[in-house]
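One file, final_25.txt, is given below (compact mmCIF, N, CA and C atoms).
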# COMPACT_ATOMS: atom_id res chain seq x y z
N MET A 628 0.84 -1.19 0.00
CA MET A 628 0.00 0.00 0.00
C MET A 628 0.88 1.25 0.00
N ILE A 629 0.53 2.20 -0.84
CA ILE A 629 1.31 3.43 -0.95
C ILE A 629 0.99 4.37 0.21
N LYS A 630 2.06 4.89 0.81
CA LYS A 630 1.93 5.85 1.92
C LYS A 630 2.46 7.21 1.46
N HIS A 631 2.01 8.25 2.13
CA HIS A 631 2.44 9.62 1.84
C HIS A 631 3.10 10.18 3.09
N CYS A 632 4.24 10.83 2.93
CA CYS A 632 5.01 11.33 4.07
C CYS A 632 5.58 12.71 3.77
N ILE A 633 5.51 13.58 4.78
CA ILE A 633 6.14 14.90 4.70
C ILE A 633 7.35 14.88 5.63
N ILE A 634 8.51 15.24 5.11
CA ILE A 634 9.77 15.15 5.85
C ILE A 634 10.44 16.52 5.85
N LYS A 635 11.00 16.92 6.99
CA LYS A 635 11.75 18.17 7.10
C LYS A 635 13.10 17.84 7.74
N ILE A 636 14.18 18.24 7.08
CA ILE A 636 15.53 17.93 7.55
C ILE A 636 16.22 19.23 7.94
N TYR A 637 16.76 19.27 9.16
CA TYR A 637 17.43 20.45 9.69
C TYR A 637 18.93 20.20 9.82
N GLY A 638 19.70 21.25 9.80
CA GLY A 638 21.15 21.17 9.97
C GLY A 638 21.84 21.84 8.79
N GLN A 639 23.07 21.43 8.54
CA GLN A 639 23.80 21.94 7.37
C GLN A 639 23.43 21.02 6.21
N VAL A 640 22.30 21.34 5.57
CA VAL A 640 21.74 20.45 4.56
C VAL A 640 21.51 21.14 3.20
N GLN A 641 21.86 22.41 3.10
CA GLN A 641 21.78 23.09 1.81
C GLN A 641 23.19 23.33 1.29
N ASP A 642 23.32 23.34 -0.02
CA ASP A 642 24.62 23.53 -0.69
C ASP A 642 25.61 22.41 -0.39
N VAL A 643 25.08 21.21 -0.12
CA VAL A 643 25.94 20.04 0.13
C VAL A 643 25.52 18.85 -0.74
N GLY A 644 24.66 19.08 -1.73
CA GLY A 644 24.21 18.00 -2.61
C GLY A 644 23.08 17.16 -2.03
N PHE A 645 22.42 17.67 -1.00
CA PHE A 645 21.37 16.88 -0.34
C PHE A 645 20.22 16.57 -1.30
N ARG A 646 19.75 17.57 -2.04
CA ARG A 646 18.60 17.35 -2.92
C ARG A 646 18.93 16.33 -4.01
N TYR A 647 20.09 16.45 -4.64
CA TYR A 647 20.49 15.52 -5.68
C TYR A 647 20.61 14.10 -5.12
N SER A 648 21.27 13.98 -3.96
CA SER A 648 21.44 12.67 -3.34
C SER A 648 20.10 12.07 -2.92
N ALA A 649 19.19 12.92 -2.43
CA ALA A 649 17.85 12.45 -2.04
C ALA A 649 17.10 11.92 -3.26
N GLN A 650 17.25 12.60 -4.39
CA GLN A 650 16.60 12.14 -5.61
C GLN A 650 17.14 10.78 -6.03
N GLN A 651 18.45 10.60 -5.96
CA GLN A 651 19.05 9.33 -6.33
C GLN A 651 18.57 8.21 -5.41
N LYS A 652 18.53 8.48 -4.11
CA LYS A 652 18.08 7.48 -3.13
C LYS A 652 16.61 7.15 -3.36
N ALA A 653 15.78 8.17 -3.54
CA ALA A 653 14.34 7.96 -3.77
C ALA A 653 14.11 7.13 -5.03
N ASP A 654 14.81 7.47 -6.10
CA ASP A 654 14.66 6.72 -7.34
C ASP A 654 15.02 5.25 -7.13
N GLY A 655 16.08 5.00 -6.38
CA GLY A 655 16.51 3.63 -6.11
C GLY A 655 15.52 2.84 -5.27
N LEU A 656 14.73 3.54 -4.46
CA LEU A 656 13.75 2.89 -3.59
C LEU A 656 12.34 2.89 -4.19
N GLY A 657 12.19 3.46 -5.37
CA GLY A 657 10.87 3.52 -5.99
C GLY A 657 9.94 4.54 -5.35
N ILE A 658 10.51 5.59 -4.76
CA ILE A 658 9.74 6.63 -4.09
C ILE A 658 9.52 7.79 -5.06
N THR A 659 8.32 8.35 -5.04
CA THR A 659 8.00 9.51 -5.86
C THR A 659 7.75 10.72 -4.96
N GLY A 660 7.79 11.91 -5.54
CA GLY A 660 7.55 13.13 -4.77
C GLY A 660 8.49 14.23 -5.18
N TYR A 661 8.95 15.00 -4.21
CA TYR A 661 9.88 16.09 -4.51
C TYR A 661 10.72 16.44 -3.28
N VAL A 662 11.81 17.13 -3.54
CA VAL A 662 12.69 17.67 -2.50
C VAL A 662 12.96 19.13 -2.88
N ARG A 663 12.98 20.01 -1.88
CA ARG A 663 13.27 21.42 -2.14
C ARG A 663 13.94 22.06 -0.93
N ASN A 664 14.70 23.11 -1.20
CA ASN A 664 15.28 23.90 -0.12
C ASN A 664 14.21 24.81 0.47
N SER A 665 14.27 25.01 1.77
CA SER A 665 13.35 25.90 2.46
C SER A 665 14.08 27.20 2.82
N ALA A 666 13.35 28.28 2.94
CA ALA A 666 13.94 29.59 3.25
C ALA A 666 14.64 29.60 4.60
N ASP A 667 14.25 28.71 5.51
CA ASP A 667 14.86 28.68 6.85
C ASP A 667 16.15 27.87 6.90
N GLY A 668 16.64 27.39 5.74
CA GLY A 668 17.89 26.64 5.69
C GLY A 668 17.71 25.13 5.78
N SER A 669 16.49 24.68 5.96
CA SER A 669 16.21 23.25 6.02
C SER A 669 15.88 22.72 4.62
N VAL A 670 15.62 21.43 4.54
CA VAL A 670 15.20 20.79 3.29
C VAL A 670 13.84 20.16 3.54
N ASP A 671 12.91 20.39 2.61
CA ASP A 671 11.56 19.82 2.67
C ASP A 671 11.42 18.72 1.64
N ILE A 672 10.79 17.63 2.05
CA ILE A 672 10.53 16.52 1.14
C ILE A 672 9.08 16.09 1.30
N GLU A 673 8.45 15.83 0.18
CA GLU A 673 7.15 15.20 0.17
C GLU A 673 7.36 13.91 -0.60
N ALA A 674 7.04 12.77 -0.01
CA ALA A 674 7.38 11.49 -0.61
C ALA A 674 6.22 10.51 -0.53
N GLU A 675 6.12 9.67 -1.55
CA GLU A 675 5.13 8.60 -1.57
C GLU A 675 5.81 7.31 -2.01
N GLY A 676 5.42 6.22 -1.36
CA GLY A 676 5.97 4.92 -1.70
C GLY A 676 5.49 3.87 -0.73
N GLU A 677 6.00 2.67 -0.90
CA GLU A 677 5.68 1.58 0.02
C GLU A 677 6.24 1.92 1.40
N ALA A 678 5.55 1.46 2.44
CA ALA A 678 5.94 1.78 3.82
C ALA A 678 7.40 1.43 4.10
N GLY A 679 7.84 0.25 3.70
CA GLY A 679 9.21 -0.17 3.95
C GLY A 679 10.22 0.72 3.24
N ALA A 680 9.90 1.13 2.01
CA ALA A 680 10.80 2.01 1.26
C ALA A 680 10.87 3.38 1.92
N LEU A 681 9.74 3.88 2.39
CA LEU A 681 9.75 5.19 3.07
C LEU A 681 10.56 5.13 4.36
N GLU A 682 10.46 4.03 5.09
CA GLU A 682 11.25 3.88 6.32
C GLU A 682 12.74 3.93 6.00
N LYS A 683 13.16 3.23 4.95
CA LYS A 683 14.56 3.25 4.54
C LYS A 683 14.99 4.65 4.10
N PHE A 684 14.10 5.35 3.40
CA PHE A 684 14.39 6.71 2.93
C PHE A 684 14.54 7.67 4.11
N ILE A 685 13.64 7.58 5.08
CA ILE A 685 13.73 8.43 6.27
C ILE A 685 15.02 8.14 7.03
N SER A 686 15.38 6.87 7.13
CA SER A 686 16.63 6.50 7.79
C SER A 686 17.82 7.12 7.05
N TRP A 687 17.80 7.08 5.73
CA TRP A 687 18.87 7.72 4.95
C TRP A 687 18.91 9.22 5.21
N CYS A 688 17.73 9.86 5.31
CA CYS A 688 17.66 11.31 5.54
C CYS A 688 18.34 11.71 6.84
N ARG A 689 18.38 10.82 7.81
CA ARG A 689 19.02 11.12 9.10
C ARG A 689 20.54 11.29 8.94
N GLN A 690 21.10 10.75 7.86
CA GLN A 690 22.53 10.88 7.58
C GLN A 690 22.79 11.84 6.42
N GLY A 691 22.04 11.65 5.33
CA GLY A 691 22.23 12.46 4.14
C GLY A 691 23.53 12.12 3.44
N PRO A 692 23.92 12.91 2.45
CA PRO A 692 25.19 12.68 1.76
C PRO A 692 26.35 13.09 2.66
N PRO A 693 27.56 12.58 2.39
CA PRO A 693 28.70 12.84 3.27
C PRO A 693 28.94 14.30 3.69
N PRO A 694 28.80 15.31 2.83
CA PRO A 694 29.07 16.67 3.32
C PRO A 694 28.01 17.21 4.28
N ALA A 695 26.81 16.64 4.28
CA ALA A 695 25.72 17.15 5.11
C ALA A 695 25.97 16.87 6.59
N GLN A 696 25.44 17.75 7.42
CA GLN A 696 25.46 17.55 8.87
C GLN A 696 24.02 17.70 9.36
N VAL A 697 23.32 16.57 9.41
CA VAL A 697 21.91 16.56 9.79
C VAL A 697 21.78 16.71 11.30
N ALA A 698 21.02 17.71 11.72
CA ALA A 698 20.79 17.94 13.15
C ALA A 698 19.51 17.26 13.62
N ASP A 699 18.48 17.25 12.76
CA ASP A 699 17.19 16.67 13.16
C ASP A 699 16.37 16.36 11.91
N VAL A 700 15.52 15.36 12.04
CA VAL A 700 14.58 15.00 10.97
C VAL A 700 13.20 14.87 11.59
N GLU A 701 12.26 15.62 11.05
CA GLU A 701 10.86 15.49 11.47
C GLU A 701 10.09 14.90 10.30
N TYR A 702 9.17 13.99 10.59
CA TYR A 702 8.35 13.44 9.51
C TYR A 702 6.97 13.11 10.03
N GLU A 703 6.03 13.11 9.09
CA GLU A 703 4.64 12.84 9.43
C GLU A 703 3.99 12.14 8.25
N TYR A 704 3.33 11.02 8.54
CA TYR A 704 2.55 10.33 7.51
C TYR A 704 1.19 11.00 7.43
N THR A 705 0.68 11.19 6.21
CA THR A 705 -0.62 11.84 6.03
C THR A 705 -1.50 11.00 5.10
N ASP A 706 -2.74 11.39 5.00
CA ASP A 706 -3.69 10.71 4.11
C ASP A 706 -3.86 11.45 2.79
N GLN A 707 -3.06 12.46 2.53
CA GLN A 707 -3.23 13.29 1.34
C GLN A 707 -2.39 12.80 0.17
N ALA A 708 -2.70 11.62 -0.36
CA ALA A 708 -1.95 11.08 -1.49
C ALA A 708 -1.99 12.05 -2.66
N ARG A 709 -0.83 12.28 -3.24
CA ARG A 709 -0.71 13.23 -4.35
C ARG A 709 -0.49 12.51 -5.69
N ASN A 710 -0.24 11.21 -5.63
CA ASN A 710 -0.05 10.40 -6.84
C ASN A 710 1.05 10.96 -7.75
N PHE A 711 2.21 11.24 -7.16
CA PHE A 711 3.36 11.70 -7.93
C PHE A 711 3.77 10.60 -8.91
N THR A 712 4.36 10.99 -10.03
CA THR A 712 4.82 10.00 -11.01
C THR A 712 6.34 9.87 -11.04
N SER A 713 7.06 10.79 -10.39
CA SER A 713 8.52 10.75 -10.34
C SER A 713 8.96 11.51 -9.09
N PHE A 714 10.27 11.51 -8.84
CA PHE A 714 10.82 12.26 -7.71
C PHE A 714 11.63 13.41 -8.30
N ASN A 715 11.22 14.64 -8.00
CA ASN A 715 11.82 15.82 -8.62
C ASN A 715 12.55 16.71 -7.62
N ILE A 716 13.54 17.42 -8.14
CA ILE A 716 14.24 18.44 -7.36
C ILE A 716 13.60 19.78 -7.69
N LEU A 717 13.11 20.46 -6.68
CA LEU A 717 12.55 21.80 -6.84
C LEU A 717 13.52 22.82 -6.25
N PRO A 718 13.45 24.08 -6.69
CA PRO A 718 14.37 25.09 -6.15
C PRO A 718 14.15 25.34 -4.67
Any chance you could give the structure as structure tokens?
Amino acid sequence: MIKHCIIKIYGQVQDVGFRYSAQQKADGLGITGYVRNSADGSVDIEAEGEAGALEKFISWCRQGPPPAQVADVEYEYTDQARNFTSFNILP
């Protein structure tokens, strides 16, 4: 069953390749949605996929790519399925 999740990553997560790496990880796990930088310096992700794949993706978000320094990850599962067809990088 497809689940929908909103994820917010805090720390040194912009200008370190986080969005590109998140897209690569999501594609590998069959997750759709998007990743974007937030004005407050965090990274926002909206993701849809199988529960197990989302758990693996959230676990990856806690580390991020090697240059990133993740301080915290908040996530929430919702009922608002968006039926994304791919995982995109937004500005």
All strand (DSSP E) residues (DSSP, backbone) inside chain A, as a PyMOL selection string: chain A and resi 629-639+659-664+670-677+696-705+714-717
Point out the residue among A:Arg709, A:Arg689, A:Lys635, A:Lys683 with the least atom-to-atom distance to Gly655 in chain A, counting only C-alpha atoms.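 Of all the options, A:Lys683 lies closest to Gly655 in chain A.
Candidate residues A:Val643, A:Ile658, A:Val697, A:Ile636 were compared for distance to Glu677 in chain A, and the nearest is A:Ile658, using only C-alpha atoms.
For the atom pair formed by CA of Asp706 in chain A and CA of Ala678 in chain A, the distance is 13.1 Å, given to one decimal.
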Of the listed residues A:Gly668, A:Gly660, A:Ser686, A:Pro692, that which approaches Ser648 in chain A most closely, counting all atoms listed in the file: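 Comparing A:Gly668, A:Gly660, A:Ser686, A:Pro692 against Ser648 in chain A, the winner is A:Pro692.
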So the first atom is CA of Ile634 in chain A and the second is CA of Ile672 in chain A; what is the distance between them in Å, to one decimal place?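 So the answer is 5.0 Å.
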If you run DSSP on the backbone, which residues of chain A are alpha helix (DSSP H), as a list in words?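 DSSP-assigned alpha helix (DSSP H) residues in chain A: Phe645, Arg646, Tyr647, Ser648, Ala649, Gln650, Gln651, Lys652, Ala653, Asp654, Gly655, Leu656, Ala678, Gly679, Ala680, Leu681, Glu682, Lys683, Phe684, Ile685, Ser686, Trp687 and Cys688 of chain A.
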From the list A:Tyr647, A:Cys632, A:Gly638, A:Gly679, the nearest residue to Asp699 in chain A using all atoms listed in the file is A:Gly638
Mind pulling up the distance from CA of Met628 in chain A to CA of Leu717 in chain A?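 Result for CA of Leu717 in chain A versus CA of Met628 in chain A: 26.1 Å, one decimal.
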